[in-house]
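J.: As input, take data-v3.cif (mmCIF, C-alpha atoms):
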```cif
data_input
loop_
_atom_site.group_PDB
_atom_site.id
_atom_site.type_symbol
_atom_site.label_atom_id
_atom_site.label_comp_id
_atom_site.auth_asym_id
_atom_site.auth_seq_id
_atom_site.Cartn_x
_atom_site.Cartn_y
_atom_site.Cartn_z
ATOM 1 C CA MET V 123 0.000 0.000 0.000
ATOM 2 C CA ILE V 124 1.147 3.521 -0.829
ATOM 3 C CA LYS V 125 -0.159 5.760 1.942
ATOM 4 C CA LEU V 126 -1.319 8.981 0.389
ATOM 5 C CA ARG V 127 -4.484 10.970 0.005
ATOM 6 C CA VAL V 128 -5.858 13.148 -2.718
ATOM 7 C CA ALA V 129 -6.023 16.413 -0.813
ATOM 8 C CA GLY V 130 -7.319 18.488 -3.718
ATOM 9 C CA THR V 131 -8.780 18.149 -7.191
ATOM 10 C CA GLY V 132 -9.273 20.640 -10.000
ATOM 11 C CA ARG V 133 -10.401 20.826 -13.605
ATOM 12 C CA PHE V 134 -10.539 23.294 -16.449
ATOM 13 C CA LEU V 135 -12.702 23.137 -19.549
ATOM 14 C CA PRO V 136 -12.564 25.756 -22.315
ATOM 15 C CA GLU V 137 -15.579 27.998 -22.821
ATOM 16 C CA ARG V 138 -16.267 27.116 -26.441
ATOM 17 C CA VAL V 139 -18.795 24.300 -26.841
ATOM 18 C CA LEU V 140 -18.945 22.390 -30.122
ATOM 19 C CA ALA V 141 -22.153 20.354 -30.358
ATOM 20 C CA ASN V 142 -22.802 17.429 -32.688
ATOM 21 C CA ASP V 143 -25.220 19.550 -34.707
ATOM 22 C CA ASP V 144 -22.390 22.038 -35.301
ATOM 23 C CA LEU V 145 -20.237 19.283 -36.771
ATOM 24 C CA SER V 146 -23.030 18.158 -39.083
ATOM 25 C CA LEU V 147 -22.802 21.531 -40.837
ATOM 26 C CA SER V 148 -19.397 20.668 -42.282
ATOM 27 C CA LEU V 149 -19.256 16.849 -42.057
ATOM 28 C CA ASP V 150 -21.314 13.985 -43.415
ATOM 29 C CA THR V 151 -22.601 13.130 -39.947
ATOM 30 C CA SER V 152 -25.468 13.840 -37.563
ATOM 31 C CA ASP V 153 -26.201 14.145 -33.885
ATOM 32 C CA GLU V 154 -27.884 10.722 -33.917
ATOM 33 C CA TRP V 155 -24.931 9.088 -35.703
ATOM 34 C CA ILE V 156 -22.389 10.441 -33.214
ATOM 35 C CA ARG V 157 -24.503 9.755 -30.109
ATOM 36 C CA SER V 158 -25.326 6.186 -31.098
ATOM 37 C CA ARG V 159 -21.696 5.291 -31.783
ATOM 38 C CA THR V 160 -19.880 7.232 -29.086
ATOM 39 C CA GLY V 161 -22.298 8.610 -26.489
ATOM 40 C CA ILE V 162 -20.920 12.103 -27.134
ATOM 41 C CA VAL V 163 -23.245 15.100 -27.364
ATOM 42 C CA GLU V 164 -20.746 17.964 -27.215
ATOM 43 C CA ARG V 165 -17.102 18.755 -26.582
ATOM 44 C CA ARG V 166 -15.036 21.789 -25.500
ATOM 45 C CA LEU V 167 -12.411 23.393 -27.722
ATOM 46 C CA LEU V 168 -9.517 25.562 -26.624
ATOM 47 C CA ALA V 169 -9.369 28.980 -28.309
ATOM 48 C CA PRO V 170 -6.631 29.111 -31.000
ATOM 49 C CA GLU V 171 -4.842 31.993 -29.282
ATOM 50 C CA THR V 172 -4.716 30.258 -25.874
ATOM 51 C CA PRO V 173 -1.673 28.088 -25.028
ATOM 52 C CA PRO V 174 -2.675 24.629 -23.728
ATOM 53 C CA ALA V 175 -0.600 25.096 -20.549
ATOM 54 C CA PHE V 176 -3.166 27.685 -19.471
ATOM 55 C CA MET V 177 -5.624 24.829 -18.864
ATOM 56 C CA GLY V 178 -3.132 22.833 -16.816
ATOM 57 C CA ILE V 179 -2.196 25.819 -14.693
ATOM 58 C CA ALA V 180 -5.855 26.631 -13.988
ATOM 59 C CA ALA V 181 -6.694 23.041 -13.000
ATOM 60 C CA ALA V 182 -3.534 22.787 -10.866
ATOM 61 C CA GLU V 183 -4.286 26.015 -9.003
ATOM 62 C CA LYS V 184 -7.743 24.719 -8.072
ATOM 63 C CA ALA V 185 -6.315 21.428 -6.807
ATOM 64 C CA LEU V 186 -3.628 23.169 -4.740
ATOM 65 C CA ARG V 187 -6.160 25.628 -3.349
ATOM 66 C CA GLN V 188 -8.526 22.863 -2.271
ATOM 67 C CA ALA V 189 -5.613 20.990 -0.687
ATOM 68 C CA GLY V 190 -4.401 24.087 1.142
ATOM 69 C CA LEU V 191 -0.980 23.383 -0.332
ATOM 70 C CA ASP V 192 1.298 26.359 -0.979
ATOM 71 C CA PRO V 193 2.920 26.035 -4.428
ATOM 72 C CA GLU V 194 6.232 26.981 -2.812
ATOM 73 C CA LYS V 195 6.038 23.788 -0.753
ATOM 74 C CA LEU V 196 5.365 21.512 -3.721
ATOM 75 C CA ASP V 197 7.885 18.664 -3.962
ATOM 76 C CA LEU V 198 7.026 17.170 -7.345
ATOM 77 C CA LEU V 199 5.123 18.022 -10.544
ATOM 78 C CA VAL V 200 4.153 15.276 -12.998
ATOM 79 C CA VAL V 201 2.309 16.175 -16.198
ATOM 80 C CA ALA V 202 0.575 13.525 -18.303
ATOM 81 C CA THR V 203 -0.019 14.506 -21.922
ATOM 82 C CA ASN V 204 0.154 13.046 -25.424
ATOM 83 C CA VAL V 205 1.001 16.184 -27.396
ATOM 84 C CA PRO V 206 3.146 18.553 -25.303
ATOM 85 C CA GLU V 207 3.318 22.317 -25.386
ATOM 86 C CA GLU V 208 6.574 21.930 -27.319
ATOM 87 C CA LEU V 209 8.295 18.709 -28.378
ATOM 88 C CA ILE V 210 11.248 19.968 -26.374
ATOM 89 C CA PRO V 211 11.019 20.748 -23.451
ATOM 90 C CA GLY V 212 7.461 19.380 -23.114
ATOM 91 C CA SER V 213 4.573 20.744 -21.035
ATOM 92 C CA SER V 214 5.720 20.471 -17.422
ATOM 93 C CA PRO V 215 8.138 23.462 -17.408
ATOM 94 C CA PHE V 216 5.390 25.731 -18.748
ATOM 95 C CA ILE V 217 3.016 24.635 -15.995
ATOM 96 C CA ALA V 218 5.746 24.948 -13.361
ATOM 97 C CA GLU V 219 6.490 28.459 -14.581
ATOM 98 C CA GLY V 220 2.810 29.386 -14.558
ATOM 99 C CA LEU V 221 2.440 28.176 -10.972
ATOM 100 C CA GLY V 222 5.493 30.163 -9.910
ATOM 101 C CA LEU V 223 7.753 27.557 -8.315
ATOM 102 C CA PRO V 224 10.940 29.461 -7.356
ATOM 103 C CA HIS V 225 12.321 26.609 -5.243
ATOM 104 C CA GLU V 226 12.834 24.481 -8.399
ATOM 105 C CA PRO V 227 11.113 21.189 -7.521
ATOM 106 C CA PRO V 228 11.511 18.362 -10.064
ATOM 107 C CA PHE V 229 9.013 18.285 -12.914
ATOM 108 C CA PHE V 230 8.617 16.051 -15.945
ATOM 109 C CA ASP V 231 6.159 14.862 -18.582
ATOM 110 C CA ILE V 232 4.877 11.311 -18.725
ATOM 111 C CA LYS V 233 3.614 9.866 -21.990
ATOM 112 C CA ALA V 234 1.509 6.706 -21.837
ATOM 113 C CA GLY V 235 -1.316 7.508 -24.220
ATOM 114 C CA CYS V 236 -4.695 8.145 -22.638
ATOM 115 C CA ALA V 237 -3.516 6.015 -19.706
ATOM 116 C CA GLY V 238 -1.003 8.722 -18.784
ATOM 117 C CA PHE V 239 -2.885 9.916 -15.714
ATOM 118 C CA VAL V 240 -3.131 6.377 -14.286
ATOM 119 C CA PHE V 241 0.570 5.789 -14.964
ATOM 120 C CA GLY V 242 1.327 9.188 -13.440
ATOM 121 C CA MET V 243 -0.593 8.320 -10.282
ATOM 122 C CA ALA V 244 1.481 5.159 -9.906
ATOM 123 C CA VAL V 245 4.777 6.981 -10.565
ATOM 124 C CA ALA V 246 4.019 9.908 -8.235
ATOM 125 C CA GLY V 247 2.836 7.519 -5.514
ATOM 126 C CA ALA V 248 5.969 5.400 -5.811
ATOM 127 C CA MET V 249 8.203 8.474 -5.583
ATOM 128 C CA MET V 250 6.355 9.611 -2.476
ATOM 129 C CA LYS V 251 6.632 6.164 -0.912
ATOM 130 C CA SER V 252 10.377 6.087 -1.626
ATOM 131 C CA GLY V 253 10.853 9.379 0.210
ATOM 132 C CA LEU V 254 11.730 11.434 -2.866
ATOM 133 C CA ALA V 255 8.673 13.643 -2.309
ATOM 134 C CA ARG V 256 6.298 14.371 0.562
ATOM 135 C CA ASN V 257 3.653 15.711 -1.768
ATOM 136 C CA ALA V 258 3.031 15.861 -5.498
ATOM 137 C CA LEU V 259 0.914 17.549 -8.114
ATOM 138 C CA LEU V 260 -0.326 15.374 -10.981
ATOM 139 C CA VAL V 261 -1.839 17.079 -14.036
ATOM 140 C CA GLY V 262 -3.538 15.551 -17.067
ATOM 141 C CA ILE V 263 -3.794 17.976 -19.973
ATOM 142 C CA GLU V 264 -4.773 17.659 -23.609
ATOM 143 C CA ALA V 265 -5.584 19.907 -26.571
ATOM 144 C CA LEU V 266 -6.099 17.212 -29.191
ATOM 145 C CA SER V 267 -8.516 19.393 -31.147
ATOM 146 C CA ARG V 268 -5.380 20.902 -32.667
ATOM 147 C CA PHE V 269 -4.251 17.497 -33.934
ATOM 148 C CA VAL V 270 -7.398 16.042 -35.463
ATOM 149 C CA ASP V 271 -8.379 16.290 -39.091
ATOM 150 C CA TRP V 272 -11.686 18.149 -39.039
ATOM 151 C CA GLU V 273 -12.570 16.489 -42.343
ATOM 152 C CA ASP V 274 -12.260 12.993 -40.848
ATOM 153 C CA ARG V 275 -15.462 12.101 -39.019
ATOM 154 C CA LYS V 276 -13.923 8.908 -37.602
ATOM 155 C CA THR V 277 -11.674 10.940 -35.303
ATOM 156 C CA CYS V 278 -12.706 14.581 -35.070
ATOM 157 C CA VAL V 279 -16.062 13.821 -33.426
ATOM 158 C CA LEU V 280 -14.363 11.973 -30.558
ATOM 159 C CA PHE V 281 -12.040 14.445 -28.898
ATOM 160 C CA GLY V 282 -12.324 17.487 -26.680
ATOM 161 C CA ASP V 283 -9.861 19.711 -24.830
ATOM 162 C CA GLY V 284 -9.406 20.078 -21.084
ATOM 163 C CA ALA V 285 -7.228 19.549 -18.038
ATOM 164 C CA GLY V 286 -7.577 17.944 -14.632
ATOM 165 C CA ALA V 287 -5.281 17.845 -11.622
ATOM 166 C CA VAL V 288 -4.860 16.239 -8.213
ATOM 167 C CA ALA V 289 -2.719 17.288 -5.268
ATOM 168 C CA LEU V 290 -1.298 14.295 -3.386
ATOM 169 C CA VAL V 291 -0.031 14.352 0.202
ATOM 170 C CA MET V 292 1.166 11.677 2.599
ATOM 171 C CA ALA V 293 -1.593 10.001 4.617
ATOM 172 C CA ASP V 294 -1.443 9.049 8.294
ATOM 173 C CA ASP V 295 -4.416 6.660 8.109
ATOM 174 C CA ASP V 296 -5.468 3.783 5.849
ATOM 175 C CA ARG V 297 -6.043 5.921 2.772
ATOM 176 C CA GLY V 298 -3.924 5.468 -0.307
ATOM 177 C CA ILE V 299 -3.172 3.298 -3.322
ATOM 178 C CA LEU V 300 -4.210 -0.260 -2.535
ATOM 179 C CA GLY V 301 -3.299 -1.943 -5.799
ATOM 180 C CA ILE V 302 -1.748 -1.151 -9.179
ATOM 181 C CA SER V 303 -1.696 -2.928 -12.530
ATOM 182 C CA LEU V 304 0.240 -1.400 -15.438
ATOM 183 C CA HIS V 305 0.882 -3.004 -18.818
ATOM 184 C CA GLY V 306 1.869 -2.213 -22.400
ATOM 185 C CA ASP V 307 1.373 -4.095 -25.669
ATOM 186 C CA PRO V 308 3.681 -2.670 -28.367
ATOM 187 C CA THR V 309 2.095 -4.832 -31.081
ATOM 188 C CA LYS V 310 -0.888 -2.468 -30.859
ATOM 189 C CA ARG V 311 1.116 0.749 -31.251
ATOM 190 C CA GLY V 312 -0.411 1.348 -34.683
ATOM 191 C CA LEU V 313 -3.979 1.597 -33.404
ATOM 192 C CA LEU V 314 -3.687 5.249 -32.391
ATOM 193 C CA ARG V 315 -0.894 7.476 -33.633
ATOM 194 C CA ILE V 316 0.339 10.733 -35.121
ATOM 195 C CA PRO V 317 2.842 9.405 -37.688
ATOM 196 C CA ALA V 318 4.889 12.531 -38.413
ATOM 197 C CA GLY V 319 6.652 15.172 -36.351
ATOM 198 C CA GLY V 320 9.044 12.905 -34.487
ATOM 199 C CA VAL V 321 12.541 11.773 -35.399
ATOM 200 C CA ARG V 322 11.280 8.761 -37.348
ATOM 201 C CA LEU V 323 9.349 10.990 -39.753
ATOM 202 C CA PRO V 324 10.325 14.648 -39.259
ATOM 203 C CA ALA V 325 8.067 17.429 -40.472
ATOM 204 C CA SER V 326 8.362 18.223 -44.171
ATOM 205 C CA PHE V 327 6.268 19.634 -46.979
ATOM 206 C CA GLU V 328 5.324 16.073 -47.930
ATOM 207 C CA THR V 329 4.196 15.053 -44.433
ATOM 208 C CA VAL V 330 2.053 18.162 -44.126
ATOM 209 C CA GLN V 331 0.470 17.611 -47.537
ATOM 210 C CA ALA V 332 -0.269 13.981 -46.635
ATOM 211 C CA LYS V 333 -1.882 15.028 -43.332
ATOM 212 C CA LYS V 334 0.581 12.887 -41.389
ATOM 213 C CA HIS V 335 0.536 15.306 -38.448
ATOM 214 C CA PHE V 336 -3.071 14.488 -37.594
ATOM 215 C CA LEU V 337 -4.290 11.758 -35.272
ATOM 216 C CA GLU V 338 -4.934 8.425 -36.954
ATOM 217 C CA MET V 339 -7.063 5.720 -35.356
ATOM 218 C CA LYS V 340 -8.195 2.199 -36.178
ATOM 219 C CA GLY V 341 -11.520 2.276 -34.390
ATOM 220 C CA ARG V 342 -12.423 -1.417 -34.394
ATOM 221 C CA GLY V 343 -9.011 -2.413 -33.101
ATOM 222 C CA VAL V 344 -9.153 0.220 -30.355
ATOM 223 C CA TYR V 345 -12.568 -0.999 -29.221
ATOM 224 C CA GLN V 346 -11.570 -4.672 -29.118
ATOM 225 C CA SER V 347 -8.292 -4.013 -27.321
ATOM 226 C CA ALA V 348 -9.532 -1.387 -24.881
ATOM 227 C CA VAL V 349 -12.244 -3.518 -23.325
ATOM 228 C CA THR V 350 -10.040 -6.548 -22.695
ATOM 229 C CA MET V 351 -7.104 -4.418 -21.544
ATOM 230 C CA MET V 352 -9.066 -2.462 -18.942
ATOM 231 C CA GLU V 353 -10.807 -5.626 -17.782
ATOM 232 C CA ARG V 354 -7.481 -7.394 -17.238
ATOM 233 C CA ALA V 355 -5.900 -4.432 -15.450
ATOM 234 C CA THR V 356 -8.916 -3.860 -13.196
ATOM 235 C CA LEU V 357 -9.159 -7.499 -12.135
ATOM 236 C CA GLU V 358 -5.407 -7.674 -11.550
ATOM 237 C CA ALA V 359 -5.246 -4.438 -9.533
ATOM 238 C CA THR V 360 -8.245 -5.538 -7.460
ATOM 239 C CA GLU V 361 -6.573 -8.843 -6.677
ATOM 240 C CA ARG V 362 -3.338 -7.093 -5.703
ATOM 241 C CA ALA V 363 -5.334 -4.795 -3.432
ATOM 242 C CA GLY V 364 -6.745 -7.837 -1.656
ATOM 243 C CA ILE V 365 -10.343 -6.840 -2.349
ATOM 244 C CA SER V 366 -13.173 -7.928 -4.638
ATOM 245 C CA LEU V 367 -14.995 -5.951 -7.320
ATOM 246 C CA ALA V 368 -17.929 -5.730 -4.914
ATOM 247 C CA ASP V 369 -15.743 -3.655 -2.570
ATOM 248 C CA ILE V 370 -15.261 -0.934 -5.199
ATOM 249 C CA ASP V 371 -17.584 2.009 -4.649
ATOM 250 C CA TRP V 372 -16.884 3.871 -7.882
ATOM 251 C CA LEU V 373 -15.396 2.859 -11.218
ATOM 252 C CA LEU V 374 -13.818 5.778 -13.107
ATOM 253 C CA PRO V 375 -12.967 4.555 -16.615
ATOM 254 C CA HIS V 376 -11.184 6.597 -19.235
ATOM 255 C CA GLN V 377 -13.882 8.408 -21.196
ATOM 256 C CA ALA V 378 -13.002 7.171 -24.679
ATOM 257 C CA ASN V 379 -16.323 5.911 -25.968
ATOM 258 C CA LEU V 380 -19.579 5.025 -24.195
ATOM 259 C CA ARG V 381 -19.723 1.694 -26.029
ATOM 260 C CA ILE V 382 -16.316 0.760 -24.649
ATOM 261 C CA ILE V 383 -17.358 1.743 -21.122
ATOM 262 C CA GLU V 384 -20.596 -0.240 -21.317
ATOM 263 C CA ALA V 385 -18.822 -3.300 -22.713
ATOM 264 C CA LEU V 386 -16.235 -3.133 -19.915
ATOM 265 C CA VAL V 387 -18.924 -2.839 -17.247
ATOM 266 C CA LYS V 388 -20.766 -5.815 -18.716
ATOM 267 C CA ARG V 389 -17.639 -7.994 -18.822
ATOM 268 C CA LEU V 390 -16.790 -7.101 -15.227
ATOM 269 C CA GLY V 391 -20.374 -7.573 -14.067
ATOM 270 C CA PHE V 392 -20.067 -4.232 -12.292
ATOM 271 C CA PRO V 393 -23.172 -2.206 -11.321
ATOM 272 C CA ARG V 394 -23.790 0.485 -13.928
ATOM 273 C CA GLU V 395 -25.043 2.934 -11.275
ATOM 274 C CA ARG V 396 -21.575 2.934 -9.688
ATOM 275 C CA VAL V 397 -19.767 3.897 -12.902
ATOM 276 C CA LEU V 398 -18.963 7.586 -13.390
ATOM 277 C CA VAL V 399 -19.466 8.934 -16.910
ATOM 278 C CA ASN V 400 -19.282 12.429 -18.415
ATOM 279 C CA ILE V 401 -18.291 11.656 -22.010
ATOM 280 C CA ASP V 402 -21.585 13.063 -23.252
ATOM 281 C CA ARG V 403 -20.579 16.565 -22.105
ATOM 282 C CA VAL V 404 -16.799 16.674 -22.601
ATOM 283 C CA ALA V 405 -16.002 13.890 -25.121
ATOM 284 C CA ASN V 406 -12.636 12.133 -24.968
ATOM 285 C CA THR V 407 -10.142 14.428 -23.252
ATOM 286 C CA SER V 408 -7.475 11.704 -23.196
ATOM 287 C CA THR V 409 -5.085 12.058 -20.219
ATOM 288 C CA ALA V 410 -7.413 14.660 -18.685
ATOM 289 C CA SER V 411 -10.543 12.486 -18.736
ATOM 290 C CA ILE V 412 -10.139 10.731 -15.380
ATOM 291 C CA PRO V 413 -9.027 13.791 -13.324
ATOM 292 C CA ILE V 414 -11.866 15.865 -14.842
ATOM 293 C CA LEU V 415 -14.331 13.104 -13.987
ATOM 294 C CA LEU V 416 -12.843 12.790 -10.498
ATOM 295 C CA ASP V 417 -13.089 16.511 -9.783
ATOM 296 C CA GLU V 418 -16.714 16.602 -10.915
ATOM 297 C CA ALA V 419 -17.643 13.720 -8.613
ATOM 298 C CA VAL V 420 -15.734 15.107 -5.623
ATOM 299 C CA ARG V 421 -17.244 18.571 -5.891
ATOM 300 C CA ALA V 422 -20.715 17.060 -6.377
ATOM 301 C CA GLY V 423 -20.316 15.136 -3.113
ATOM 302 C CA LYS V 424 -20.532 11.698 -4.738
ATOM 303 C CA ILE V 425 -17.119 10.545 -3.545
ATOM 304 C CA VAL V 426 -16.679 10.593 0.238
ATOM 305 C CA ASP V 427 -13.973 9.579 2.716
ATOM 306 C CA GLY V 428 -13.381 5.842 2.763
ATOM 307 C CA ASP V 429 -14.732 5.166 -0.717
ATOM 308 C CA ILE V 430 -12.706 2.765 -2.836
ATOM 309 C CA LEU V 431 -12.146 3.928 -6.408
ATOM 310 C CA ALA V 432 -10.898 2.085 -9.488
ATOM 311 C CA LEU V 433 -9.235 4.363 -12.042
ATOM 312 C CA THR V 434 -8.726 2.479 -15.297
ATOM 313 C CA ALA V 435 -7.522 3.554 -18.725
ATOM 314 C CA PHE V 436 -5.935 2.463 -21.977
ATOM 315 C CA GLY V 437 -4.250 4.483 -24.657
ATOM 316 C CA ALA V 438 -1.788 4.797 -27.501
ATOM 317 C CA GLY V 439 1.161 2.510 -27.308
ATOM 318 C CA ALA V 440 -0.821 0.516 -26.266
ATOM 319 C CA CYS V 441 -0.445 1.378 -22.574
ATOM 320 C CA TYR V 442 -3.115 0.375 -20.082
ATOM 321 C CA GLY V 443 -3.570 0.119 -16.347
ATOM 322 C CA THR V 444 -5.687 0.466 -13.240
ATOM 323 C CA VAL V 445 -5.088 2.054 -9.856
ATOM 324 C CA ILE V 446 -7.229 1.093 -6.851
ATOM 325 C CA LEU V 447 -7.434 4.004 -4.447
ATOM 326 C CA ARG V 448 -9.034 4.357 -1.001
ATOM 327 C CA TRP V 449 -10.320 7.929 -0.752
#
```
Mind converting the file's structure to structure tokens?
T.:
Amino acid sequence: MIKLRVAGTGRFLPERVLANDDLSLSLDTSDEWIRSRTGIVERRLLAPETPPAFMGIAAAEKALRQAGLDPEKLDLLVVATNVPEELIPGSSPFIAEGLGLPHEPPFFDIKAGCAGFVFGMAVAGAMMKSGLARNALLVGIEALSRFVDWEDRKTCVLFGDGAGAVALVMADDDRGILGISLHGDPTKRGLLRIPAGGVRLPASFETVQAKKHFLEMKGRGVYQSAVTMMERATLEATERAGISLADIDWLLPHQANLRIIEALVKRLGFPRERVLVNIDRVANTSTASIPILLDEAVRAGKIVDGDILALTAFGAGACYGTVILRW
């Protein structure tokens, strides 16, 4: 067990709302088509002139404020994202700068697809347990609207922008991470990718013309893999925690697609009324989906002290995992 508690949560969603009906004006799609296949009704888009780090800073400030944690006493900053503020140096230094951290605590990005927040929770918890940090700030942030082809209805209808954050502190009771399961299947790395822009295929006139800098997805393969991956990780993490699925109060799955969530719940035999979902309102915000969902539930009073949560996600790579957490 890693003894820690989530002392604060925060989220930020951009003001602009893009509804399914708006997309039907420029795409061969409809509200009914999108809802029936994804469960999404609308998504938020970051304004073109706003840097993505703004979202992470705003979510982080809310989490720190709720935790009563002075930024100058922060020991560690971990930022989970798929597409960073800049390829080098990433997103974390921009968020650290925005928070004003003059004492220079360590910060770094973690990249594990949409499972980045779950992986980040495990990494931050392990660093706290080892004594490298007494507290930590974990941020999930994504502005994937800037990397989807708005002429491709298979992908552009799925994603929204946003950020979520949690402030973690050491616990002196039985709260903390009870069990962890993390995995990766590199044979599935082609299911979700942005082919160009890295060192394998640097940016060029040809890559831009071929739209190789946009997100590509093989939907059927993602669906089939995601359900089995999250099922395996959740069962494994539950077993390592020494509990049963019946002991879990709330399941917080990555908000990728409502069909995936419903298939996972069915395979687990988990009560649907104890599954948190907000994909209809925010779409797939990737690494930000679970912390946004968590903040909503905490501030609504759904999650209370002593509750056992299962945070489960899969993503590009293919990385997948589950963290069992006693609130």
J.: Once the PyMOL selection byres ((chain V and resi 430) around 10) is applied to the coordinates I shared, what remains selected? I want it as a PyMOL selection string.
T.: chain V and resi 297-300+365+369-373+425-429+431-433+446-449
J.: Emit the selected residues as an mmCIF file, in the frame of the given file, including C-alpha atoms.
T.:
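Listed below is the output, part.cif:
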```cif
data_model
loop_
_atom_site.group_PDB
_atom_site.id
_atom_site.type_symbol
_atom_site.label_atom_id
_atom_site.label_comp_id
_atom_site.auth_asym_id
_atom_site.auth_seq_id
_atom_site.Cartn_x
_atom_site.Cartn_y
_atom_site.Cartn_z
ATOM 1 C CA ARG V 297 -6.043 5.921 2.772
ATOM 2 C CA GLY V 298 -3.924 5.468 -0.307
ATOM 3 C CA ILE V 299 -3.172 3.298 -3.322
ATOM 4 C CA LEU V 300 -4.210 -0.260 -2.535
ATOM 5 C CA ILE V 365 -10.343 -6.840 -2.349
ATOM 6 C CA ASP V 369 -15.743 -3.655 -2.570
ATOM 7 C CA ILE V 370 -15.261 -0.934 -5.199
ATOM 8 C CA ASP V 371 -17.584 2.009 -4.649
ATOM 9 C CA TRP V 372 -16.884 3.871 -7.882
ATOM 10 C CA LEU V 373 -15.396 2.859 -11.218
ATOM 11 C CA ILE V 425 -17.119 10.545 -3.545
ATOM 12 C CA VAL V 426 -16.679 10.593 0.238
ATOM 13 C CA ASP V 427 -13.973 9.579 2.716
ATOM 14 C CA GLY V 428 -13.381 5.842 2.763
ATOM 15 C CA ASP V 429 -14.732 5.166 -0.717
ATOM 16 C CA LEU V 431 -12.146 3.928 -6.408
ATOM 17 C CA ALA V 432 -10.898 2.085 -9.488
ATOM 18 C CA LEU V 433 -9.235 4.363 -12.042
ATOM 19 C CA ILE V 446 -7.229 1.093 -6.851
ATOM 20 C CA LEU V 447 -7.434 4.004 -4.447
ATOM 21 C CA ARG V 448 -9.034 4.357 -1.001
ATOM 22 C CA TRP V 449 -10.320 7.929 -0.752
#
```
J.: Spell out the residues picked by the PyMOL selection byres ((chain V and resi 212) around 12) here, as a PyMOL selection string.
T.: chain V and resi 174-175+200-211+213-218+229-233+263
J.: Point out the residue among V:Lys276, V:Gly301, V:Leu259, V:Arg389 with the least atom-to-atom distance to Gly364 (chain V), counting only C-alpha atoms.
T.: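 Closest residue, counting only C-alpha atoms: V:Gly301.
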J.: Write out as a tab-separated table a residue-level contact list of region 279-362 of chain V versus region 168-173 of chain V with cut-off 10 Å: for each qualifying residue the closest pair of atoms and the distance in Å to one decimal, counting only C-alpha atoms, rows sorted by chain and residue number upward.
T.:
```
residue	atom	partner	partner_atom	distance
V:Gly282	CA	V:Leu168	CA	8.5
V:Asp283	CA	V:Leu168	CA	6.1
V:Gly284	CA	V:Leu168	CA	7.8
```
J.: Go ahead and find all residues with at least one atom no further than 8 Å from (-22.2, 16.0, -24.5) in the file's coordinates, using only C-alpha atoms; report them as JSON, numbers by chain.
T.: {"V": [141, 161, 162, 163, 164, 165, 400, 401, 402, 403, 404, 405]}
J.: Output as lines of an AutoDock Vina configuration file the centre and edge lengths (Å, one decimal) of the box along x, y and z of the file that holds every listed atom of region 376-382 of chain V after adding 5 Å on each side.
T.:
```
center_x = -15.5
center_y = 4.6
center_z = -22.6
size_x = 18.5
size_y = 17.6
size_z = 16.8
```
J.: List every protein, DNA or RNA residue that has an atom no more than 7 Å from (-22.5, -0.7, -4.7) in the file's coordinate frame, counting all atoms listed in the file, and report them as a list in words.
T.: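 Checking each residue against the 7 Å limit leaves Ala368, Asp371, Pro393 and Arg396 of chain V.
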J.: Which residue out of V:Glu194, V:Asp150, V:Glu384, V:Asp271 has the minimum interatomic distance to Val397 (chain V) when all atoms listed in the file are used?
T.: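 Of V:Glu194, V:Asp150, V:Glu384, V:Asp271, the one nearest Val397 (chain V) is V:Glu384, counting all atoms listed in the file.
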J.: Starting from the displayed file, determine the output of the PyMOL selection byres ((chain V and resi 358) around 12) and express the residue list as JSON, numbers by chain.
T.: {"V": [300, 301, 302, 303, 304, 305, 351, 352, 353, 354, 355, 356, 357, 359, 360, 361, 362, 363, 364, 365, 366, 367, 390, 432, 434, 442, 443, 444, 445, 446]}
J.: Could you state the separation of CA of Gly319 (chain V) and CA of Cys441 (chain V) in Å, given to one decimal place?
T.: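 Going from CA of Gly319 (chain V) over to CA of Cys441 (chain V) covers 20.7 Å.
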J.: I need the residue nearest Glu395 (chain V) from this list: V:Leu140, V:Ala287, V:Leu374, V:Leu415. Use only C-alpha atoms for the distance.
T.: V:Leu374
J.: Please list as a PyMOL selection string every residue within 7 Å of Phe269 (chain V), counting only C-alpha atoms and excluding residues in the same chain fewer than 5 positions away.
T.: chain V and resi 335-337
J.: Find the distance between CA of Ile124 (chain V) and CA of Val288 (chain V) and write it in Å to one decimal.
T.: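 That distance, rounded to one decimal, is 15.9 Å.
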J.: Would you kindly return, as a ChimeraX atom specification, each protein, DNA or RNA residue with an atom no farther than 12 Å from any atom of Arg256 (chain V), considering all atoms listed in the file and excluding same-chain residues fewer than 4 positions away?
T.: /V:125-127,191,195-199,227,246-252,289-293
J.: Rank V:Ala234, V:Leu323, V:Ala385, V:Leu147 by their smallest atom-to-atom distance to Thr409 (chain V), using all atoms listed in the file, and report the top residue only.
T.: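 Using all atoms listed in the file, Thr409 (chain V) sits closest to V:Ala234.
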J.: With a distance cut-off of 12 Å and only C-alpha atoms, select the neighbouring residues of Leu145 (chain V), excluding the residue or stretch itself and same-chain residues fewer than 2 positions from it, and output the selection as a list in words.
T.: Val139, Leu140, Ala141, Asn142, Asp143, Leu147, Ser148, Leu149, Asp150, Thr151, Ser152, Asp153, Glu154, Trp155, Ile156, Val163, Glu164, Arg165, Trp272, Glu273, Asp274, Arg275, Cys278, Val279 and Leu280 of chain V
J.: Would you compute the distance between CA of Pro317 (chain V) and CA of Gln331 (chain V)? Give it in Å to one decimal.
T.: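 Here the two named atoms are 13.0 Å from each other.
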